[in-house]
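Novice: My structure is in data-v4.cif, and what it holds is mmCIF, C-alpha atoms and all ligand atoms:
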data_query
loop_
_atom_site.label_atom_id
_atom_site.label_comp_id
_atom_site.auth_asym_id
_atom_site.auth_seq_id
_atom_site.Cartn_x
_atom_site.Cartn_y
_atom_site.Cartn_z
CA MET A 1404 -0.57 30.16 -19.03
CA ASN A 1405 2.65 28.20 -19.19
CA ILE A 1406 1.99 24.59 -20.11
CA SER A 1407 4.63 21.99 -19.25
CA LEU A 1408 4.66 18.28 -19.90
CA ALA A 1409 6.07 15.85 -17.34
CA GLU A 1410 9.48 14.48 -18.31
CA ASN A 1411 7.93 11.01 -18.70
CA TYR A 1412 4.27 10.50 -19.49
CA GLY A 1413 1.83 8.56 -21.60
CA PHE A 1414 2.28 5.37 -23.56
CA CYS A 1415 4.68 2.86 -22.14
CA PHE A 1416 6.60 0.17 -23.95
CA GLY A 1417 3.97 -2.53 -23.25
CA VAL A 1418 1.07 -0.48 -24.58
CA LYS A 1419 2.95 0.64 -27.71
CA ARG A 1420 3.81 -3.00 -28.35
CA ALA A 1421 0.21 -4.20 -27.82
CA ILE A 1422 -1.18 -1.56 -30.17
CA LYS A 1423 1.35 -2.50 -32.86
CA ILE A 1424 0.40 -6.18 -32.49
CA ALA A 1425 -3.30 -5.31 -32.75
CA GLU A 1426 -2.72 -3.13 -35.81
CA GLU A 1427 -0.88 -6.04 -37.45
CA ASN A 1428 -3.85 -8.35 -36.80
CA GLN A 1429 -6.74 -6.70 -38.61
CA ASN A 1430 -10.16 -8.42 -38.46
CA SER A 1431 -9.37 -9.90 -35.06
CA ARG A 1432 -10.93 -9.38 -31.65
CA THR A 1433 -9.38 -8.70 -28.30
CA TYR A 1434 -10.57 -10.65 -25.29
CA GLY A 1435 -11.35 -7.83 -22.86
CA PRO A 1436 -10.06 -4.30 -23.54
CA LEU A 1437 -6.55 -4.38 -25.04
CA ILE A 1438 -5.51 -1.36 -22.96
CA HIS A 1439 -7.32 0.94 -20.50
CA ASN A 1440 -8.26 3.58 -23.02
CA THR A 1441 -11.67 3.77 -24.63
CA GLN A 1442 -10.70 6.20 -27.40
CA GLU A 1443 -7.75 4.10 -28.55
CA ILE A 1444 -9.89 0.97 -28.53
CA GLU A 1445 -12.43 2.78 -30.73
CA ARG A 1446 -9.64 3.87 -33.11
CA LEU A 1447 -8.41 0.27 -33.44
CA GLU A 1448 -11.96 -0.83 -34.21
CA SER A 1449 -12.65 1.84 -36.84
CA ASP A 1450 -9.22 1.97 -38.51
CA PHE A 1451 -8.02 -1.63 -38.12
CA LYS A 1452 -11.22 -3.66 -37.62
CA VAL A 1453 -9.94 -4.94 -34.31
CA GLY A 1454 -13.09 -5.69 -32.29
CA LEU A 1455 -13.59 -6.37 -28.62
CA THR A 1456 -15.51 -8.96 -26.68
CA ASP A 1457 -15.71 -9.78 -23.00
CA ARG A 1458 -17.08 -13.27 -23.67
CA LEU A 1459 -14.68 -16.15 -24.15
CA ASP A 1460 -17.49 -18.13 -25.82
CA ASP A 1461 -17.63 -15.59 -28.66
CA PHE A 1462 -14.40 -16.97 -30.12
CA LYS A 1463 -14.84 -19.73 -32.67
CA ALA A 1464 -12.23 -22.03 -34.25
CA GLY A 1465 -10.09 -20.24 -36.81
CA GLU A 1466 -10.77 -16.76 -35.38
CA THR A 1467 -7.99 -14.62 -33.99
CA ALA A 1468 -7.98 -13.55 -30.33
CA VAL A 1469 -5.57 -10.81 -29.29
CA VAL A 1470 -4.68 -11.18 -25.61
CA ARG A 1471 -4.74 -7.83 -23.81
CA THR A 1472 -1.71 -6.06 -22.32
CA HIS A 1473 -2.49 -7.12 -18.78
CA GLY A 1474 -3.00 -10.76 -19.67
CA ILE A 1475 -5.69 -13.35 -19.06
CA THR A 1476 -5.88 -16.39 -16.81
CA LYS A 1477 -4.06 -19.61 -17.56
CA ASP A 1478 -7.39 -21.46 -17.94
CA GLU A 1479 -8.77 -18.88 -20.37
CA LEU A 1480 -5.64 -19.17 -22.50
CA ALA A 1481 -5.92 -22.97 -22.48
CA THR A 1482 -9.62 -22.79 -23.43
CA LEU A 1483 -8.87 -20.54 -26.43
CA ARG A 1484 -6.15 -22.91 -27.62
CA GLU A 1485 -8.34 -25.99 -27.12
CA ARG A 1486 -11.00 -24.36 -29.29
CA GLN A 1487 -8.39 -23.82 -31.99
CA VAL A 1488 -8.69 -20.08 -31.80
CA GLU A 1489 -5.55 -18.41 -33.10
CA VAL A 1490 -4.06 -16.68 -30.06
CA VAL A 1491 -1.94 -13.58 -30.59
CA ASN A 1492 -0.41 -12.74 -27.26
CA ALA A 1493 -0.07 -9.01 -26.64
CA THR A 1494 0.49 -9.49 -22.90
CA CYS A 1495 3.20 -7.07 -21.78
CA PRO A 1496 6.46 -8.90 -20.99
CA TYR A 1497 6.48 -7.12 -17.61
CA VAL A 1498 3.19 -8.90 -16.82
CA THR A 1499 4.33 -12.25 -18.21
CA LYS A 1500 7.25 -12.05 -15.77
CA PRO A 1501 5.20 -12.24 -12.51
CA GLN A 1502 3.02 -14.92 -14.13
CA ASN A 1503 6.16 -17.03 -14.69
CA ILE A 1504 7.55 -16.29 -11.22
CA VAL A 1505 4.29 -17.33 -9.55
CA GLN A 1506 4.20 -20.54 -11.57
CA GLU A 1507 7.82 -21.36 -10.74
CA MET A 1508 7.71 -20.43 -7.04
CA SER A 1509 4.50 -22.25 -6.39
CA ALA A 1510 5.85 -25.35 -8.18
CA GLU A 1511 8.80 -25.18 -5.77
CA GLY A 1512 6.40 -25.20 -2.80
CA TYR A 1513 6.50 -21.53 -1.83
CA THR A 1514 3.38 -19.82 -0.53
CA VAL A 1515 2.78 -17.02 -3.01
CA VAL A 1516 1.75 -13.53 -1.94
CA ILE A 1517 0.63 -11.09 -4.61
CA PHE A 1518 0.61 -7.42 -3.68
CA GLY A 1519 -2.18 -5.93 -5.75
CA ASP A 1520 -5.87 -5.49 -6.38
CA GLU A 1521 -7.46 -8.91 -6.70
CA GLU A 1522 -10.24 -7.54 -8.90
CA HIS A 1523 -7.73 -6.28 -11.47
CA PRO A 1524 -7.44 -8.45 -14.63
CA GLU A 1525 -3.65 -8.45 -14.35
CA ILE A 1526 -3.81 -9.93 -10.84
CA LYS A 1527 -6.50 -12.45 -11.78
CA GLY A 1528 -4.13 -13.58 -14.55
CA VAL A 1529 -1.01 -13.67 -12.37
CA LYS A 1530 -2.83 -15.51 -9.58
CA SER A 1531 -4.06 -18.18 -11.98
CA TYR A 1532 -0.49 -19.40 -12.45
CA ALA A 1533 -0.21 -20.53 -8.82
CA GLN A 1534 -0.59 -24.22 -8.13
CA GLY A 1535 -0.67 -24.09 -4.34
CA ALA A 1536 -1.35 -21.54 -1.61
CA VAL A 1537 -1.71 -18.02 -3.00
CA TYR A 1538 -2.93 -14.84 -1.32
CA THR A 1539 -3.60 -11.36 -2.63
CA VAL A 1540 -2.99 -8.45 -0.27
CA LEU A 1541 -3.30 -4.71 -0.65
CA HIS A 1542 -2.52 -3.59 2.90
CA VAL A 1543 -0.56 -5.02 5.83
CA LYS A 1544 -3.85 -5.50 7.70
CA ASP A 1545 -4.91 -8.03 5.05
CA PHE A 1546 -2.41 -10.46 6.61
CA GLU A 1547 -4.69 -10.69 9.67
CA LYS A 1548 -7.10 -12.78 7.60
CA ILE A 1549 -4.54 -15.27 6.29
CA GLU A 1550 -2.19 -17.79 7.74
CA ILE A 1551 1.07 -18.29 5.90
CA VAL A 1552 2.97 -21.49 6.43
CA GLY A 1553 6.54 -22.19 5.29
CA ARG A 1554 8.50 -20.33 2.65
CA VAL A 1555 7.06 -17.22 1.03
CA ALA A 1556 7.50 -15.63 -2.39
CA ILE A 1557 6.06 -12.21 -3.17
CA VAL A 1558 5.40 -10.36 -6.43
CA ALA A 1559 3.69 -7.03 -7.05
CA GLN A 1560 1.11 -5.70 -9.48
CA THR A 1561 3.11 -3.78 -12.10
CA THR A 1562 1.40 -0.47 -11.33
CA ARG A 1563 1.86 -0.38 -7.54
CA LYS A 1564 3.96 2.11 -5.59
CA VAL A 1565 7.38 0.87 -4.42
CA GLU A 1566 6.91 2.46 -0.97
CA ASP A 1567 3.73 0.41 -0.41
CA PHE A 1568 5.46 -2.75 -1.65
CA LEU A 1569 8.29 -2.16 0.83
CA GLU A 1570 5.77 -1.96 3.69
CA ILE A 1571 4.32 -5.33 2.73
CA THR A 1572 7.71 -7.00 2.23
CA GLU A 1573 9.00 -5.57 5.52
CA TYR A 1574 6.05 -7.16 7.31
CA LEU A 1575 6.89 -10.55 5.78
CA VAL A 1576 10.65 -10.36 6.32
CA LYS A 1577 10.10 -9.59 10.02
CA ARG A 1578 7.94 -12.69 10.47
CA TYR A 1579 9.18 -15.40 8.12
CA LYS A 1580 12.60 -16.98 7.75
CA GLU A 1581 12.59 -17.36 4.01
CA VAL A 1582 11.01 -14.66 1.86
CA ARG A 1583 11.76 -14.37 -1.85
CA VAL A 1584 10.97 -10.83 -2.98
CA PHE A 1585 10.48 -10.16 -6.68
CA ASN A 1586 10.10 -6.50 -7.49
CA THR A 1587 7.80 -6.76 -10.49
CA ILE A 1588 6.74 -3.12 -10.39
CA CYS A 1589 7.18 -1.74 -13.87
CA ASN A 1590 9.78 0.99 -14.46
CA ALA A 1591 7.55 2.82 -16.91
CA THR A 1592 5.10 3.37 -14.08
CA LEU A 1593 7.85 4.55 -11.73
CA GLU A 1594 9.31 6.96 -14.24
CA ASN A 1595 5.90 8.48 -14.90
CA GLN A 1596 5.25 8.68 -11.13
CA GLU A 1597 8.54 10.43 -10.38
CA ALA A 1598 8.01 12.84 -13.25
CA VAL A 1599 4.46 13.74 -12.17
CA GLU A 1600 5.69 14.43 -8.64
CA ALA A 1601 8.46 16.74 -9.88
CA LEU A 1602 6.08 18.63 -12.13
CA ALA A 1603 3.23 18.85 -9.61
CA LYS A 1604 5.63 20.50 -7.13
CA LYS A 1605 6.16 23.44 -9.46
CA SER A 1606 2.67 23.71 -10.95
CA ASP A 1607 -0.40 25.50 -9.64
CA VAL A 1608 -2.78 23.40 -11.68
CA MET A 1609 -2.23 19.86 -12.93
CA ILE A 1610 -4.12 17.94 -15.61
CA VAL A 1611 -3.70 14.18 -15.58
CA ILE A 1612 -5.07 12.54 -18.72
CA GLY A 1613 -6.10 8.91 -18.85
CA GLY A 1614 -8.81 6.30 -18.50
CA LYS A 1615 -10.77 6.65 -15.27
CA ASN A 1616 -10.66 2.85 -14.91
CA SER A 1617 -6.89 2.78 -15.40
CA SER A 1618 -5.04 1.88 -12.24
CA ASN A 1619 -1.80 3.63 -13.22
CA THR A 1620 -3.60 6.84 -14.27
CA LYS A 1621 -5.36 6.94 -10.89
CA GLN A 1622 -2.00 6.52 -9.14
CA LEU A 1623 -0.54 9.42 -11.12
CA TYR A 1624 -3.54 11.54 -10.18
CA THR A 1625 -3.16 10.66 -6.47
CA ILE A 1626 0.54 11.62 -6.50
CA SER A 1627 -0.21 14.80 -8.40
CA LYS A 1628 -2.90 15.80 -5.89
CA ASP A 1629 -0.48 15.25 -2.99
CA PHE A 1630 1.82 17.94 -4.38
CA CYS A 1631 -0.64 20.15 -6.26
CA PRO A 1632 -4.14 20.23 -4.71
CA ASP A 1633 -5.62 21.65 -7.93
CA SER A 1634 -5.14 18.44 -9.88
CA HIS A 1635 -7.78 17.14 -12.26
CA LEU A 1636 -8.18 13.74 -13.87
CA ILE A 1637 -9.75 13.81 -17.33
CA GLU A 1638 -10.24 11.40 -20.22
CA SER A 1639 -10.85 13.94 -22.98
CA PRO A 1640 -10.53 17.71 -23.68
CA GLN A 1641 -14.32 18.12 -23.39
CA GLU A 1642 -14.02 17.68 -19.62
CA LEU A 1643 -11.74 20.71 -19.16
CA GLU A 1644 -13.33 23.62 -17.28
CA LYS A 1645 -12.17 27.19 -17.75
CA ILE A 1646 -12.53 27.92 -14.02
CA TRP A 1647 -9.70 25.46 -13.22
CA PHE A 1648 -7.22 27.83 -14.87
CA ASP A 1649 -8.47 31.16 -13.48
CA THR A 1650 -5.67 32.86 -11.49
CA LYS A 1651 -3.25 30.06 -12.41
CA GLN A 1652 0.01 30.46 -14.29
CA GLU A 1653 1.81 27.13 -14.36
CA CYS A 1654 -0.13 24.22 -15.79
CA GLY A 1655 1.49 20.79 -15.66
CA ILE A 1656 0.38 17.86 -17.78
CA SER A 1657 0.86 14.16 -17.31
CA ALA A 1658 -0.84 11.15 -18.82
CA GLY A 1659 -1.36 7.51 -17.93
CA ALA A 1660 0.48 4.68 -19.61
CA SER A 1661 -2.46 3.97 -21.92
CA THR A 1662 -3.09 7.52 -23.08
CA PRO A 1663 -2.38 8.10 -26.78
CA ASP A 1664 -0.38 11.14 -27.82
CA TRP A 1665 -3.16 12.54 -29.99
CA ILE A 1666 -5.42 12.94 -26.94
CA ILE A 1667 -2.62 14.73 -25.04
CA GLN A 1668 -2.15 17.12 -27.97
CA ASP A 1669 -5.92 17.76 -28.16
CA VAL A 1670 -5.96 18.58 -24.42
CA ILE A 1671 -3.05 21.03 -24.78
CA ALA A 1672 -4.77 22.74 -27.72
CA LYS A 1673 -8.01 23.03 -25.74
CA ILE A 1674 -6.24 24.49 -22.68
CA LYS A 1675 -4.58 27.08 -24.92
CA GLU A 1676 -7.95 27.90 -26.47
CA ILE A 1677 -9.86 28.37 -23.20
CA THR A 1678 -7.09 30.31 -21.47
CA ALA A 1679 -6.28 32.60 -24.43
S1 LIG B 1 2.71 -0.05 -17.55
FE1 LIG B 1 4.48 -1.42 -17.57
S2 LIG B 1 3.56 -3.41 -17.22
FE2 LIG B 1 1.90 -2.12 -17.83
S3 LIG B 1 1.82 -2.36 -20.05
FE3 LIG B 1 3.15 -0.63 -19.65
S4 LIG B 1 5.24 -1.45 -19.68
FE4 LIG B 1 3.80 -3.14 -19.40
#
Take the structure in the file and write it out as structure tokens.
Specialist:
Amino acid sequence: MNISLAENYGFCFGVKRAIKIAEENQNSRTYGPLIHNTQEIERLESDFKVGLTDRLDDFKAGETAVVRTHGITKDELATLRERQVEVVNATCPYVTKPQNIVQEMSAEGYTVVIFGDEEHPEIKGVKSYAQGAVYTVLHVKDFEKIEIVGRVAIVAQTTRKVEDFLEITEYLVKRYKEVRVFNTICNATLENQEAVEALAKKSDVMIVIGGKNSSNTKQLYTISKDFCPDSHLIESPQELEKIWFDTKQECGISAGASTPDWIIQDVIAKIKEITA
């Protein structure tokens, strides 16, 4: 079995930065999961005493709250500050950017369109910075339900595909006279996506490692499956099945932006062990 890693995979700049910030703030708690990776969150808890809570009310004055990579809403941030909680902001700068754009554009009277999943914490955060009309869309057909008036500004969830963003922006440009397009899709995501495509094309089995609730890992898996039907999404080496590798020769590996290197190494070791 030949095992090859994608040219770009795993931890991105924003996640590395957030983990470093968390490690520097021992005895703190993150509000919501810092990153989409259960194992890494457990490591931060056991090695650095960085806890996790999903309840804003758990934070008391004087405590430290680490804001997760994908941000929180403007109101939540204000509430923490009002309660005199020490806020350490680990929001990725690539997420802060659409938050700022939405705030600015909506202050200038633009109708804001956000291309993304409205249930995703990043989008809830970005949306909260709008002061006027704001709509979240995932598909062109979502425009049927909304009526846009005047000037439009559009941003994208950092983990979306550029091709899908183009479809949405094309729809708007064809219908509205003034459309400000901000491509806020993160390069780290793109690089990992291009690399998984290239590797999937020459592999007969692909293993994509990452959190099953991670949007960018799921995207990598979808791309991988398009080019290599025998693609599998796993969170840990225990999920590997020997049968996946029977009759295969080229195994490609990629990992989501929140997947730590030690898990990737464990998966490679396990593949070697079961295919030996
Ligand atoms: S994927 Fe991009 S936006 Fe998300 S944390 Fe990483 S660098 Fe930031």
Novice: Choose the residue, out of A:Leu1623, A:Ala1409, A:Ile1475, A:Val1505, that has the smallest atom-to-atom separation from A:Ala1601; count only C-alpha atoms.
Specialist: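 The closest residue to A:Ala1601 is A:Ala1409.
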Novice: Given 4 Å on each side, where is the centre and what are the edge lengths in Å to one decimal of the axis-aligned box enclosing the listed atoms of ligand LIG 1 (chain B), as lines of an AutoDock Vina configuration file?
Specialist:
center_x = 3.5
center_y = -1.7
center_z = -18.6
size_x = 11.4
size_y = 11.4
size_z = 10.8
Novice: To check your reading of the model: which residues sit at most 12 Å from ligand LIG 1 (chain B) when counting all atoms listed in the file? Write the answer as a PyMOL selection string.
Specialist: chain A and resi 1412-1422+1437-1439+1471-1474+1493-1502+1524-1526+1559-1563+1587-1596+1617-1620+1622-1623+1658-1662
Novice: Which residues are near A:Ser1657? Cut-off 7 Å, all atoms listed in the file, ignore same chain within fewer than 2 positions. Put them as an mmCIF file with C-alpha atoms, in the coordinates of the input.
Specialist:
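The resulting file, out-v9.cif, is shown below:
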data_model
loop_
_atom_site.group_PDB
_atom_site.id
_atom_site.type_symbol
_atom_site.label_atom_id
_atom_site.label_comp_id
_atom_site.auth_asym_id
_atom_site.auth_seq_id
_atom_site.Cartn_x
_atom_site.Cartn_y
_atom_site.Cartn_z
ATOM 1 C CA LEU A 1408 4.660 18.280 -19.900
ATOM 2 C CA ALA A 1409 6.070 15.850 -17.340
ATOM 3 C CA TYR A 1412 4.270 10.500 -19.490
ATOM 4 C CA VAL A 1599 4.460 13.740 -12.170
ATOM 5 C CA ILE A 1610 -4.120 17.940 -15.610
ATOM 6 C CA VAL A 1611 -3.700 14.180 -15.580
ATOM 7 C CA ILE A 1612 -5.070 12.540 -18.720
ATOM 8 C CA GLY A 1655 1.490 20.790 -15.660
#
Novice: When distances are computed from only C-alpha atoms, which of A:Glu1642, A:Asp1457, A:Glu1511, A:Asp1545 shows the smallest separation from A:Tyr1574?
Specialist: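 Going through A:Glu1642, A:Asp1457, A:Glu1511, A:Asp1545 one by one, the smallest distance to A:Tyr1574 is for A:Asp1545.
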Novice: Could you name the residues that touch A:Arg1578 at 12 Å or less, counting all atoms listed in the file, but leaving out those on the same chain fewer than 4 positions away, as a PyMOL selection string?
Specialist: chain A and resi 1546+1550-1555+1571-1574+1582
Novice: May I have the protein, DNA and RNA residues with an atom at most 12 Å from (-7.6, 31.5, -12.0), counting only C-alpha atoms in the file's coordinates, returned as a PyMOL selection string?
Specialist: chain A and resi 1404+1607-1608+1633+1644-1654+1677-1678
Novice: Residues at most 10 Å from A:Glu1521, counting only C-alpha atoms, excluding those fewer than 3 positions away in the same chain, as a ChimeraX atom specification?
Specialist: /A:1517-1518,1524-1530,1538-1541,1560
Novice: For atom CA of A:Ala1556 and atom CA of A:Phe1585, determine how far apart the two atoms are, in Å to one decimal place.
Specialist: 7.6 Å
Novice: I'd like the neighbourhood of stretch 1485-1491 of chain A as a list in words, where a residue qualifies if any of its atoms comes within 7 Å (using all atoms listed in the file), though same-chain residues fewer than 2 positions away should be ignored.
Specialist: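 Contacts, in chain order: Phe1462, Lys1463, Ala1464, Gly1465, Glu1466, Thr1467, Ala1468, Val1469, Val1470, Ala1481, Thr1482, Leu1483 and Ala1493 of chain A.
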Novice: Tell me which of A:Met1609, A:Ile1424, A:Leu1480, A:Val1670 sits closest to A:Ile1656, counting all atoms listed in the file.
Specialist: A:Met1609
Novice: Between atom CA of A:Asp1520 and atom CA of A:Asn1616, what distance in Å does the model show, to one decimal?
Specialist: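 The value is 12.9 Å.
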Novice: Which polymer residues have any atom within 12 Å of an atom of A:Pro1632, counting only C-alpha atoms, with same-chain residues fewer than 2 positions away left out, as an MDAnalysis selection string?
Specialist: chainID A and resid 1603:1610 1624:1630 1634:1636 1647
Novice: Rounded to one decimal in Å, what is the spacing between atom CA of A:Ala1533 and atom CA of A:Ile1504?
Specialist: 9.2 Å
